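S.K.: Sharing query_27.pdb below, PDB, C-alpha atoms:
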MODEL        1
ATOM      1  CA  MET A 201      31.065 -12.284  73.616
ATOM      2  CA  ARG A 202      28.363 -10.002  75.031
ATOM      3  CA  LYS A 203      30.975  -8.188  77.106
ATOM      4  CA  LYS A 204      33.040  -7.604  73.971
ATOM      5  CA  ARG A 205      30.013  -6.277  72.070
ATOM      6  CA  ASN A 206      29.193  -3.926  74.942
ATOM      7  CA  SER A 207      32.783  -2.659  75.001
ATOM      8  CA  ILE A 208      32.724  -1.980  71.244
ATOM      9  CA  ARG A 209      29.343  -0.241  71.558
ATOM     10  CA  ASN A 210      30.556   1.927  74.444
ATOM     11  CA  LEU A 211      33.685   2.852  72.492
ATOM     12  CA  SER A 212      31.558   3.724  69.448
ATOM     13  CA  ASN A 213      29.298   5.944  71.539
ATOM     14  CA  MET A 214      32.327   7.718  72.976
ATOM     15  CA  LEU A 215      33.736   8.300  69.478
ATOM     16  CA  LEU A 216      30.362   9.611  68.322
ATOM     17  CA  LEU A 217      30.404  12.049  71.220
ATOM     18  CA  ILE A 218      33.856  13.188  70.079
ATOM     19  CA  THR A 219      32.419  13.564  66.568
ATOM     20  CA  SER A 220      29.610  15.797  67.833
ATOM     21  CA  ILE A 221      32.187  17.944  69.649
ATOM     22  CA  ILE A 222      34.275  18.209  66.466
ATOM     23  CA  TRP A 223      31.247  19.213  64.396
ATOM     24  CA  GLY A 224      30.018  21.681  67.011
ATOM     25  CA  PHE A 225      33.341  23.503  67.253
ATOM     26  CA  ALA A 226      33.587  23.506  63.445
ATOM     27  CA  PHE A 227      31.152  26.432  63.513
ATOM     28  CA  ILE A 228      33.809  28.345  65.452
ATOM     29  CA  ALA A 229      36.490  27.448  62.904
ATOM     30  CA  GLN A 230      34.207  28.579  60.087
ATOM     31  CA  SER A 231      33.514  31.855  61.855
ATOM     32  CA  ILE A 232      37.228  32.541  62.486
ATOM     33  CA  GLY A 233      38.088  31.542  58.917
ATOM     34  CA  MET A 234      35.976  34.404  57.603
ATOM     35  CA  ASN A 235      38.561  36.819  59.015
ATOM     36  CA  TYR A 236      41.031  35.624  56.402
ATOM     37  CA  ILE A 237      39.272  34.223  53.336
ATOM     38  CA  GLY A 238      35.935  34.481  51.586
ATOM     39  CA  PRO A 239      33.166  31.905  52.059
ATOM     40  CA  TRP A 240      33.540  30.325  48.596
ATOM     41  CA  THR A 241      37.290  29.934  49.040
ATOM     42  CA  PHE A 242      36.792  28.426  52.484
ATOM     43  CA  VAL A 243      34.314  25.865  51.151
ATOM     44  CA  PHE A 244      36.672  24.896  48.327
ATOM     45  CA  ALA A 245      39.693  24.610  50.627
ATOM     46  CA  ARG A 246      37.997  22.478  53.297
ATOM     47  CA  PHE A 247      36.457  19.953  50.912
ATOM     48  CA  ILE A 248      39.407  19.540  48.558
ATOM     49  CA  LEU A 249      41.516  18.923  51.659
ATOM     50  CA  ALA A 250      38.978  16.396  52.971
ATOM     51  CA  ALA A 251      38.922  14.595  49.612
ATOM     52  CA  ILE A 252      42.718  14.316  49.560
ATOM     53  CA  ILE A 253      42.893  13.106  53.154
ATOM     54  CA  LEU A 254      40.301  10.383  52.484
ATOM     55  CA  VAL A 255      42.041   8.941  49.399
ATOM     56  CA  PRO A 256      44.036   6.180  51.185
ATOM     57  CA  VAL A 257      41.026   5.263  53.345
ATOM     58  CA  THR A 258      38.835   5.150  50.247
ATOM     59  CA  VAL A 259      41.252   2.909  48.329
ATOM     60  CA  TYR A 260      41.435   0.446  51.217
ATOM     61  CA  SER A 261      37.683   0.461  51.888
ATOM     62  CA  GLU A 262      36.913  -0.046  48.194
ATOM     63  CA  LYS A 263      39.026  -3.212  48.154
ATOM     64  CA  LEU A 264      37.135  -4.548  51.147
ATOM     65  CA  TYR A 265      33.779  -3.547  49.656
ATOM     66  CA  ARG A 266      34.447  -5.255  46.344
ATOM     67  CA  ASN A 267      35.600  -8.419  48.077
ATOM     68  CA  SER A 268      32.338  -8.589  50.036
ATOM     69  CA  ASP A 269      29.900  -7.463  47.318
ATOM     70  CA  PRO A 270      28.526 -10.338  45.173
ATOM     71  CA  ARG A 271      28.255  -8.013  42.156
ATOM     72  CA  PHE A 272      32.038  -8.147  41.758
ATOM     73  CA  HIS A 273      32.235 -11.926  42.025
ATOM     74  CA  THR A 274      30.266 -12.482  38.833
ATOM     75  CA  LYS A 275      31.149 -11.779  35.245
ATOM     76  CA  ASN A 276      28.157  -9.484  34.786
ATOM     77  CA  GLU A 277      29.784  -6.308  33.479
ATOM     78  CA  ASN A 278      26.455  -4.464  33.467
ATOM     79  CA  GLN A 279      26.233  -4.674  37.249
ATOM     80  CA  VAL A 280      29.739  -3.301  37.631
ATOM     81  CA  LYS A 281      28.993  -0.460  35.209
ATOM     82  CA  GLU A 282      25.773   0.309  37.089
ATOM     83  CA  TYR A 283      27.757   0.438  40.341
ATOM     84  CA  LYS A 284      30.198   2.943  38.846
ATOM     85  CA  ARG A 285      27.363   5.084  37.478
ATOM     86  CA  GLU A 286      25.647   5.171  40.876
ATOM     87  CA  CYS A 287      28.931   6.120  42.556
ATOM     88  CA  ILE A 288      29.501   9.028  40.192
ATOM     89  CA  PHE A 289      25.906  10.244  39.969
ATOM     90  CA  GLY A 290      25.270   9.767  43.690
ATOM     91  CA  GLY A 291      28.515  11.521  44.590
ATOM     92  CA  ALA A 292      27.743  14.377  42.203
ATOM     93  CA  LEU A 293      24.214  14.865  43.533
ATOM     94  CA  THR A 294      25.128  14.670  47.214
ATOM     95  CA  GLY A 295      28.225  16.794  46.570
ATOM     96  CA  LEU A 296      26.147  19.485  44.893
ATOM     97  CA  PHE A 297      23.785  19.581  47.874
ATOM     98  CA  LEU A 298      26.697  19.539  50.341
ATOM     99  CA  GLY A 299      28.479  22.352  48.523
ATOM    100  CA  LEU A 300      25.366  24.547  48.329
ATOM    101  CA  ALA A 301      24.473  23.842  51.962
ATOM    102  CA  SER A 302      27.994  24.634  53.095
ATOM    103  CA  ILE A 303      28.229  27.922  51.198
ATOM    104  CA  THR A 304      24.874  29.199  52.462
ATOM    105  CA  GLN A 305      25.935  28.209  55.963
ATOM    106  CA  GLN A 306      29.312  29.890  55.541
ATOM    107  CA  ILE A 307      27.742  33.126  54.306
ATOM    108  CA  GLY A 308      25.198  32.979  57.118
ATOM    109  CA  ILE A 309      27.899  32.581  59.758
ATOM    110  CA  GLN A 310      29.334  35.918  58.611
ATOM    111  CA  LYS A 311      26.123  37.615  59.703
ATOM    112  CA  THR A 312      24.983  35.616  62.724
ATOM    113  CA  SER A 313      26.587  33.937  65.718
ATOM    114  CA  ALA A 314      28.155  30.480  65.563
ATOM    115  CA  GLY A 315      25.824  29.245  68.306
ATOM    116  CA  LYS A 316      22.688  30.357  66.502
ATOM    117  CA  ALA A 317      23.972  28.924  63.229
ATOM    118  CA  GLY A 318      24.490  25.558  64.912
ATOM    119  CA  PHE A 319      20.983  25.407  66.286
ATOM    120  CA  ILE A 320      19.276  26.618  63.108
ATOM    121  CA  THR A 321      21.258  24.123  61.018
ATOM    122  CA  ALA A 322      19.972  21.361  63.320
ATOM    123  CA  LEU A 323      16.507  21.953  61.874
ATOM    124  CA  TYR A 324      17.411  19.538  59.071
ATOM    125  CA  VAL A 325      16.512  16.741  61.461
ATOM    126  CA  ILE A 326      12.941  18.037  61.471
ATOM    127  CA  LEU A 327      12.885  18.794  57.750
ATOM    128  CA  VAL A 328      14.118  15.369  56.589
ATOM    129  CA  PRO A 329      11.022  13.404  57.695
ATOM    130  CA  ILE A 330       8.728  16.152  56.421
ATOM    131  CA  LEU A 331      10.376  16.100  53.007
ATOM    132  CA  GLY A 332      10.191  12.316  53.161
ATOM    133  CA  ILE A 333       6.420  12.602  52.642
ATOM    134  CA  PHE A 334       7.130  13.265  48.970
ATOM    135  CA  LEU A 335       8.976   9.932  48.911
ATOM    136  CA  LYS A 336       5.890   8.244  50.405
ATOM    137  CA  LYS A 337       7.498   7.967  53.845
ATOM    138  CA  MET A 338       4.818   9.326  56.164
ATOM    139  CA  PRO A 339       6.339  10.648  59.420
ATOM    140  CA  GLN A 340       4.922   9.923  62.834
ATOM    141  CA  LYS A 341       2.222  12.211  64.177
ATOM    142  CA  LYS A 342       4.543  13.503  66.869
ATOM    143  CA  ILE A 343       6.828  14.903  64.164
ATOM    144  CA  TRP A 344       4.296  17.668  63.547
ATOM    145  CA  ILE A 345       4.561  18.612  67.226
ATOM    146  CA  CYS A 346       8.343  18.646  66.832
ATOM    147  CA  ALA A 347       8.031  20.862  63.760
ATOM    148  CA  ALA A 348       5.854  23.305  65.705
ATOM    149  CA  LEU A 349       8.384  23.359  68.567
ATOM    150  CA  ALA A 350      11.209  23.970  66.109
ATOM    151  CA  LEU A 351       9.364  26.804  64.384
ATOM    152  CA  LEU A 352       8.640  28.413  67.749
ATOM    153  CA  GLY A 353      12.293  28.096  68.681
ATOM    154  CA  LEU A 354      13.415  29.489  65.334
ATOM    155  CA  TYR A 355      11.073  32.446  65.801
ATOM    156  CA  ARG A 356      12.558  33.228  69.208
ATOM    157  CA  ILE A 357      16.129  32.838  67.925
ATOM    158  CA  SER A 358      15.784  34.786  64.682
ATOM    159  CA  MET A 359      13.020  37.365  65.137
ATOM    160  CA  LYS A 360      14.155  40.445  67.017
ATOM    161  CA  ASP A 361      11.898  42.132  69.562
ATOM    162  CA  ALA A 362       8.965  39.782  68.817
ATOM    163  CA  SER A 363       8.806  41.179  65.282
ATOM    164  CA  PHE A 364       8.865  39.397  61.946
ATOM    165  CA  ASN A 365      12.201  40.918  60.912
ATOM    166  CA  ILE A 366      14.503  37.988  60.359
ATOM    167  CA  GLY A 367      18.232  38.595  60.081
ATOM    168  CA  SER A 368      19.877  37.957  56.713
ATOM    169  CA  GLY A 369      22.410  35.611  58.325
ATOM    170  CA  ASP A 370      19.624  33.563  59.903
ATOM    171  CA  LEU A 371      17.887  33.330  56.537
ATOM    172  CA  TYR A 372      21.002  31.942  54.863
ATOM    173  CA  VAL A 373      21.348  29.283  57.567
ATOM    174  CA  ILE A 374      17.669  28.358  57.215
ATOM    175  CA  VAL A 375      18.277  27.782  53.493
ATOM    176  CA  CYS A 376      21.323  25.737  54.500
ATOM    177  CA  ALA A 377      19.140  23.515  56.704
ATOM    178  CA  PHE A 378      16.773  22.862  53.790
ATOM    179  CA  VAL A 379      19.594  21.968  51.392
ATOM    180  CA  PHE A 380      21.220  19.733  53.988
ATOM    181  CA  SER A 381      17.885  17.906  54.207
ATOM    182  CA  PHE A 382      18.099  17.007  50.511
ATOM    183  CA  GLN A 383      21.717  15.984  50.979
ATOM    184  CA  ILE A 384      20.796  13.639  53.835
ATOM    185  CA  ILE A 385      17.943  12.081  51.853
ATOM    186  CA  SER A 386      20.291  11.542  48.893
ATOM    187  CA  ILE A 387      22.952   9.980  51.111
ATOM    188  CA  ASP A 388      20.337   7.669  52.616
ATOM    189  CA  HIS A 389      19.430   6.476  49.106
ATOM    190  CA  TYR A 390      22.903   5.973  47.637
ATOM    191  CA  SER A 391      24.876   4.792  50.672
ATOM    192  CA  ALA A 392      22.944   1.499  50.622
ATOM    193  CA  ARG A 393      23.889   0.943  46.960
ATOM    194  CA  VAL A 394      27.609   1.771  46.882
ATOM    195  CA  ASN A 395      30.662   1.939  49.131
ATOM    196  CA  PRO A 396      29.740   4.789  51.523
ATOM    197  CA  VAL A 397      33.367   5.877  51.978
ATOM    198  CA  LEU A 398      33.845   6.152  48.209
ATOM    199  CA  LEU A 399      30.535   7.992  47.992
ATOM    200  CA  ALA A 400      31.722  10.462  50.649
ATOM    201  CA  ASN A 401      34.998  11.051  48.833
ATOM    202  CA  ILE A 402      33.310  11.741  45.489
ATOM    203  CA  GLN A 403      30.860  13.953  47.353
ATOM    204  CA  PHE A 404      33.748  16.002  48.759
ATOM    205  CA  LEU A 405      35.208  16.448  45.274
ATOM    206  CA  PHE A 406      31.960  17.835  43.873
ATOM    207  CA  ALA A 407      31.396  20.016  46.948
ATOM    208  CA  ALA A 408      34.900  21.402  46.415
ATOM    209  CA  THR A 409      33.972  22.062  42.781
ATOM    210  CA  VAL A 410      31.014  24.176  43.911
ATOM    211  CA  GLY A 411      33.352  26.214  46.092
ATOM    212  CA  PHE A 412      35.962  26.491  43.338
ATOM    213  CA  VAL A 413      33.487  27.862  40.777
ATOM    214  CA  GLY A 414      32.173  30.439  43.255
ATOM    215  CA  MET A 415      35.715  31.332  44.304
ATOM    216  CA  ILE A 416      36.706  32.103  40.710
ATOM    217  CA  VAL A 417      33.493  33.988  39.858
ATOM    218  CA  PHE A 418      32.698  35.910  43.051
ATOM    219  CA  GLU A 419      35.935  36.348  44.977
ATOM    220  CA  LYS A 420      39.404  37.754  44.519
ATOM    221  CA  TRP A 421      41.564  35.237  46.280
ATOM    222  CA  GLU A 422      45.280  34.786  46.824
ATOM    223  CA  TRP A 423      47.237  31.843  48.170
ATOM    224  CA  ASN A 424      48.510  33.893  51.086
ATOM    225  CA  GLN A 425      44.891  34.384  52.221
ATOM    226  CA  ILE A 426      44.434  30.633  52.491
ATOM    227  CA  LEU A 427      47.774  30.323  54.280
ATOM    228  CA  ASN A 428      46.759  33.032  56.762
ATOM    229  CA  GLY A 429      43.547  31.131  57.533
ATOM    230  CA  ILE A 430      45.157  27.694  57.386
ATOM    231  CA  VAL A 431      44.280  26.706  60.973
ATOM    232  CA  PRO A 432      40.467  26.969  60.613
ATOM    233  CA  VAL A 433      40.743  25.437  57.119
ATOM    234  CA  LEU A 434      42.692  22.477  58.507
ATOM    235  CA  TYR A 435      40.155  22.014  61.292
ATOM    236  CA  ALA A 436      37.158  22.134  58.966
ATOM    237  CA  GLY A 437      38.824  20.020  56.284
ATOM    238  CA  ILE A 438      40.580  17.321  58.287
ATOM    239  CA  LEU A 439      38.671  17.086  61.569
ATOM    240  CA  SER A 440      35.146  18.208  60.715
ATOM    241  CA  SER A 441      34.913  16.721  57.214
ATOM    242  CA  ALA A 442      37.346  13.815  56.821
ATOM    243  CA  VAL A 443      37.600  12.544  60.409
ATOM    244  CA  GLY A 444      34.022  13.400  61.414
ATOM    245  CA  TYR A 445      32.356  11.633  58.506
ATOM    246  CA  THR A 446      34.663   8.619  58.806
ATOM    247  CA  LEU A 447      33.953   8.199  62.521
ATOM    248  CA  GLN A 448      30.234   8.475  61.860
ATOM    249  CA  THR A 449      30.390   5.798  59.155
ATOM    250  CA  LEU A 450      32.362   3.372  61.311
ATOM    251  CA  CYS A 451      30.663   3.910  64.672
ATOM    252  CA  GLN A 452      27.052   3.695  63.554
ATOM    253  CA  ARG A 453      27.679   0.041  62.674
ATOM    254  CA  HIS A 454      28.176  -0.809  66.352
ATOM    255  CA  THR A 455      25.567   1.172  68.239
ATOM    256  CA  ASP A 456      21.813   1.636  68.347
ATOM    257  CA  PRO A 457      20.779   4.174  65.664
ATOM    258  CA  SER A 458      18.547   6.151  68.009
ATOM    259  CA  ILE A 459      21.406   6.574  70.491
ATOM    260  CA  ALA A 460      23.859   7.414  67.694
ATOM    261  CA  SER A 461      21.667  10.163  66.246
ATOM    262  CA  LEU A 462      20.939  11.488  69.731
ATOM    263  CA  ILE A 463      24.662  11.789  70.498
ATOM    264  CA  MET A 464      25.487  13.405  67.157
ATOM    265  CA  SER A 465      22.732  16.000  67.544
ATOM    266  CA  LEU A 466      24.726  17.429  70.437
ATOM    267  CA  GLU A 467      26.807  19.297  67.837
ATOM    268  CA  SER A 468      24.293  22.129  68.184
ATOM    269  CA  VAL A 469      25.015  22.337  71.910
ATOM    270  CA  PHE A 470      28.760  22.382  71.374
ATOM    271  CA  SER A 471      28.445  25.072  68.694
ATOM    272  CA  ALA A 472      26.749  27.352  71.229
ATOM    273  CA  LEU A 473      29.244  26.373  73.919
ATOM    274  CA  GLY A 474      32.141  27.050  71.576
ATOM    275  CA  GLY A 475      30.728  30.439  70.615
ATOM    276  CA  PHE A 476      30.473  31.307  74.294
ATOM    277  CA  LEU A 477      33.947  30.062  75.313
ATOM    278  CA  ILE A 478      36.037  31.027  72.277
ATOM    279  CA  LEU A 479      34.254  33.846  70.448
ATOM    280  CA  LYS A 480      32.792  35.410  73.633
ATOM    281  CA  GLU A 481      29.353  35.424  72.020
ATOM    282  CA  ARG A 482      26.415  36.304  74.225
ATOM    283  CA  MET A 483      22.824  35.225  73.649
ATOM    284  CA  THR A 484      19.784  36.849  75.193
ATOM    285  CA  PHE A 485      17.284  34.904  77.281
ATOM    286  CA  ARG A 486      14.883  35.028  74.338
ATOM    287  CA  GLU A 487      17.474  33.439  72.025
ATOM    288  CA  LEU A 488      18.501  30.856  74.632
ATOM    289  CA  SER A 489      14.878  29.809  75.139
ATOM    290  CA  GLY A 490      14.541  29.500  71.361
ATOM    291  CA  CYS A 491      17.587  27.234  71.295
ATOM    292  CA  ALA A 492      15.991  25.110  74.008
ATOM    293  CA  PHE A 493      12.815  24.673  71.924
ATOM    294  CA  VAL A 494      14.794  23.718  68.804
ATOM    295  CA  PHE A 495      17.030  21.331  70.722
ATOM    296  CA  ALA A 496      14.037  19.634  72.345
ATOM    297  CA  ALA A 497      12.349  19.246  68.960
ATOM    298  CA  VAL A 498      15.506  17.787  67.420
ATOM    299  CA  LEU A 499      15.935  15.227  70.186
ATOM    300  CA  ILE A 500      12.294  14.130  70.245
ATOM    301  CA  ALA A 501      12.176  13.801  66.463
ATOM    302  CA  GLN A 502      15.309  11.683  66.245
ATOM    303  CA  ILE A 503      14.388   9.348  69.075
ATOM    304  CA  ASP A 504      10.912   8.702  67.709
ATOM    305  CA  ILE A 505      12.014   8.261  64.116
ATOM    306  CA  LYS A 506      14.825   5.886  64.969
ATOM    307  CA  LYS A 507      12.680   3.786  67.274
ATOM    308  CA  LYS A 508      10.115   3.394  64.555
ATOM    309  CA  SER A 509      12.690   2.438  61.956
ATOM    310  CA  SER A 510      14.357   0.003  64.347
ATOM    311  CA  ALA A 511      11.047  -1.663  65.155
ATOM    312  CA  SER A 512      10.157  -2.025  61.493
ATOM    313  CA  GLY A 513      13.595  -3.244  60.468
TER     314      GLY A 513
ENDMDL
END
Rewrite the coordinates I just gave you, this time as structure tokens.
M.R.:
Amino acid sequence: MRKKRNSIRNLSNMLLLITSIIWGFAFIAQSIGMNYIGPWTFVFARFILAAIILVPVTVYSEKLYRNSDPRFHTKNENQVKEYKRECIFGGALTGLFLGLASITQQIGIQKTSAGKAGFITALYVILVPILGIFLKKMPQKKIWICAALALLGLYRISMKDASFNIGSGDLYVIVCAFVFSFQIISIDHYSARVNPVLLANIQFLFAATVGFVGMIVFEKWEWNQILNGIVPVLYAGILSSAVGYTLQTLCQRHTDPSIASLIMSLESVFSALGGFLILKERMTFRELSGCAFVFAAVLIAQIDIKKKSSASG
């Protein structure tokens, strides 16, 4: 039995590593996609595609969820109605955050490198526990050290020539990291109350709505533009969104949370590696050292937070 559990855990860790690679190289797909379509159109296309792809998985998972949830075994209609309300409201809220985070990231990628965007986005791991203070979840003392390391790294990545002139692309991605923090906090709240796969699917629909509204208002788009950029759209929609989130949901059930978050944080490394290998991006020593500071802060923060939550749970 123990051998079987270890095999499942090792397989889950391997799949999580694949997930981090998928997410890391998604920054490359997003960057290439900007050669064909606007950022709002790209956001709409990737999330509507992800929502469609997840429909059969969602239908199946919802059947399993309802069979295992006691709320559906009683005749209390109020509980069922409350479940539906939480699904819709939770999906709308998380979808709004996901859509806004994705569009600010997409715009930022137009004006900065994919590698830098990956590392700056990873700051959400530092921001989540800090924002958690407002929810009366006091972070560990070492988190403040991590925040200082991250800020130092961000300074070295974003500020040119030791000045305080931050690039506009970097600023957009910083905003993206903040919005992603709210999205993660919202997911943490609602995923424990409803079917997480259904929540993700509704989230994709509302994120696609954000992109659709911006596409109609701010961009002149044509179907042939989407067709020309179909490869990066398919990657971001199917692999990064649908497959990535599904693997994360399934695999975290079978592995230690601290190890899972540590593996998934490697997306920032693969984003820089992908920028180097595919886009031929070059980073200065100053920017590379900044990435090292941010990466160290991200790893330390996740390991400490997860150990604390595991010990208390």
S.K.: Give me, please, the distance in Å between CA of Ser212 in chain A and CA of Glu262 in chain A, quoted to one decimal.
M.R.: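 Interatomic distance here is 22.2 Å.
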S.K.: So how many Å separate CA of Val259 in chain A and CA of Leu211 in chain A, to one decimal?
M.R.: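 These two atoms are separated by 25.3 Å.
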S.K.: Nearest residue to Lys341 in chain A out of A:Gly367, A:Pro329, A:Gly233, A:Pro396, using only C-alpha atoms?
M.R.: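 Looking at the shortest contact to Lys341 in chain A, the residue is A:Pro329.
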S.K.: Name the residues in contact with range 299-316 of chain A at a cut-off of 6 Å, using only C-alpha atoms, excluding same-chain residues fewer than 2 positions from it; report them as a list of chain:residue names.
M.R.: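 Contacts, in chain order: A:Phe227, A:Pro239, A:Gly295, A:Leu296, A:Phe297, A:Gly318, A:Phe319, A:Gly369, A:Tyr372, A:Val373, A:Cys376, A:Val379, A:Phe380, A:Ala407, A:Val410, A:Ser471, A:Ala472, A:Gly475.
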S.K.: Work out how far apart CA of Ile426 in chain A and CA of Thr219 in chain A are and give it in Å to one decimal.
M.R.: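 Computing the Euclidean distance for CA of Ile426 in chain A and CA of Thr219 in chain A yields 25.2 Å.
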S.K.: Would you mind telling me which residue in A:Ser368, A:Thr241, A:Thr484, A:Thr258 lies nearest to Thr446 in chain A when using all atoms listed in the file?
M.R.: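 Between A:Ser368, A:Thr241, A:Thr484, A:Thr258, the residue approaching Thr446 in chain A most closely is A:Thr258.
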S.K.: Which one of A:Phe242, A:Leu439, A:Phe225, A:Leu216 sits closest to Met415 in chain A if you count only C-alpha atoms?
M.R.: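 Among the listed residues, the smallest separation from Met415 in chain A belongs to A:Phe242.
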S.K.: Applying the PyMOL selection byres ((chain A and resi 274-289) around 10) to the file I just gave you, which residues come out? Please list them as a PyMOL selection string.
M.R.: chain A and resi 269-273+290-295+390-391+393-396+398-400+402-403+406
S.K.: List the residues selected by the PyMOL selection byres ((chain A and resi 352) around 12) in the file shown, writing them as a ChimeraX atom specification.
M.R.: /A:320,323,345-351,353-359,362,486-487,489-497
S.K.: Please enclose the listed atoms of range 227-239 of chain A in an axis-aligned box, pad each side by 5 Å, and write out the centre and the three edge lengths in Å, rounded to one decimal, as lines of an AutoDock Vina configuration file.
M.R.:
center_x = 36.1
center_y = 31.6
center_z = 58.5
size_x = 19.9
size_y = 20.4
size_z = 23.9
S.K.: Identify which of the residues A:Glu422, A:Asp388, A:Glu467, A:Glu481 lies closest to Leu217 in chain A, counting all atoms listed in the file when measuring atom-to-atom distances.
M.R.: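 Closest residue, counting all atoms listed in the file: A:Glu467.
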S.K.: Applied to this file, what does the PyMOL selection byres ((chain A and resi 431) around 12) return in terms of residues, put as a list in words?
M.R.: Ala226, Ile228, Ala229, Gln230, Ser231, Ile232, Gly233, Met234, Asn235, Tyr236, Ile237, Phe242, Ala245, Arg246, Gln425, Ile426, Leu427, Asn428, Gly429, Ile430, Pro432, Val433, Leu434, Tyr435, Ala436, Gly437, Ile438 and Leu439 of chain A
S.K.: Can you work out which one of A:Val397, A:Leu479, A:Ile208, A:Leu466 has the shortest atom-to-atom distance to Lys263 in chain A, counting all atoms listed in the file?
M.R.: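 The closest residue to Lys263 in chain A is A:Val397.
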S.K.: Since the input is missing atoms, can you rebuild N, CA and C atoms for range 414-426 of chain A and write them as a CSV table (one decimal), in the frame of the given file?
M.R.:
chain,number,residue,atom,x,y,z
A,414,GLY,N,32.5,29.2,42.6
A,414,GLY,CA,32.2,30.4,43.3
A,414,GLY,C,33.4,31.3,43.6
A,415,MET,N,34.5,30.6,44.0
A,415,MET,CA,35.7,31.3,44.3
A,415,MET,C,36.3,32.1,43.1
A,416,ILE,N,36.2,31.5,41.9
A,416,ILE,CA,36.7,32.1,40.7
A,416,ILE,C,35.8,33.2,40.3
A,417,VAL,N,34.5,33.0,40.4
A,417,VAL,CA,33.5,34.0,39.9
A,417,VAL,C,33.3,35.2,40.8
A,418,PHE,N,33.2,34.9,42.1
A,418,PHE,CA,32.7,35.9,43.1
A,418,PHE,C,33.8,36.5,43.9
A,419,GLU,N,34.9,35.9,44.0
A,419,GLU,CA,35.9,36.3,45.0
A,419,GLU,C,37.3,36.6,44.3
A,420,LYS,N,38.0,37.5,44.9
A,420,LYS,CA,39.4,37.8,44.5
A,420,LYS,C,40.3,37.1,45.6
A,421,TRP,N,40.8,36.0,45.3
A,421,TRP,CA,41.6,35.2,46.3
A,421,TRP,C,43.0,35.2,45.9
A,422,GLU,N,43.8,35.0,47.0
A,422,GLU,CA,45.3,34.8,46.8
A,422,GLU,C,45.7,33.7,47.7
A,423,TRP,N,46.8,33.0,47.4
A,423,TRP,CA,47.2,31.8,48.2
A,423,TRP,C,47.6,32.3,49.6
A,424,ASN,N,48.1,33.5,49.7
A,424,ASN,CA,48.5,33.9,51.1
A,424,ASN,C,47.3,34.1,52.0
A,425,GLN,N,46.1,34.3,51.4
A,425,GLN,CA,44.9,34.4,52.2
A,425,GLN,C,44.6,33.0,52.8
A,426,ILE,N,44.7,32.0,52.0
A,426,ILE,CA,44.4,30.6,52.5
A,426,ILE,C,45.5,30.2,53.5
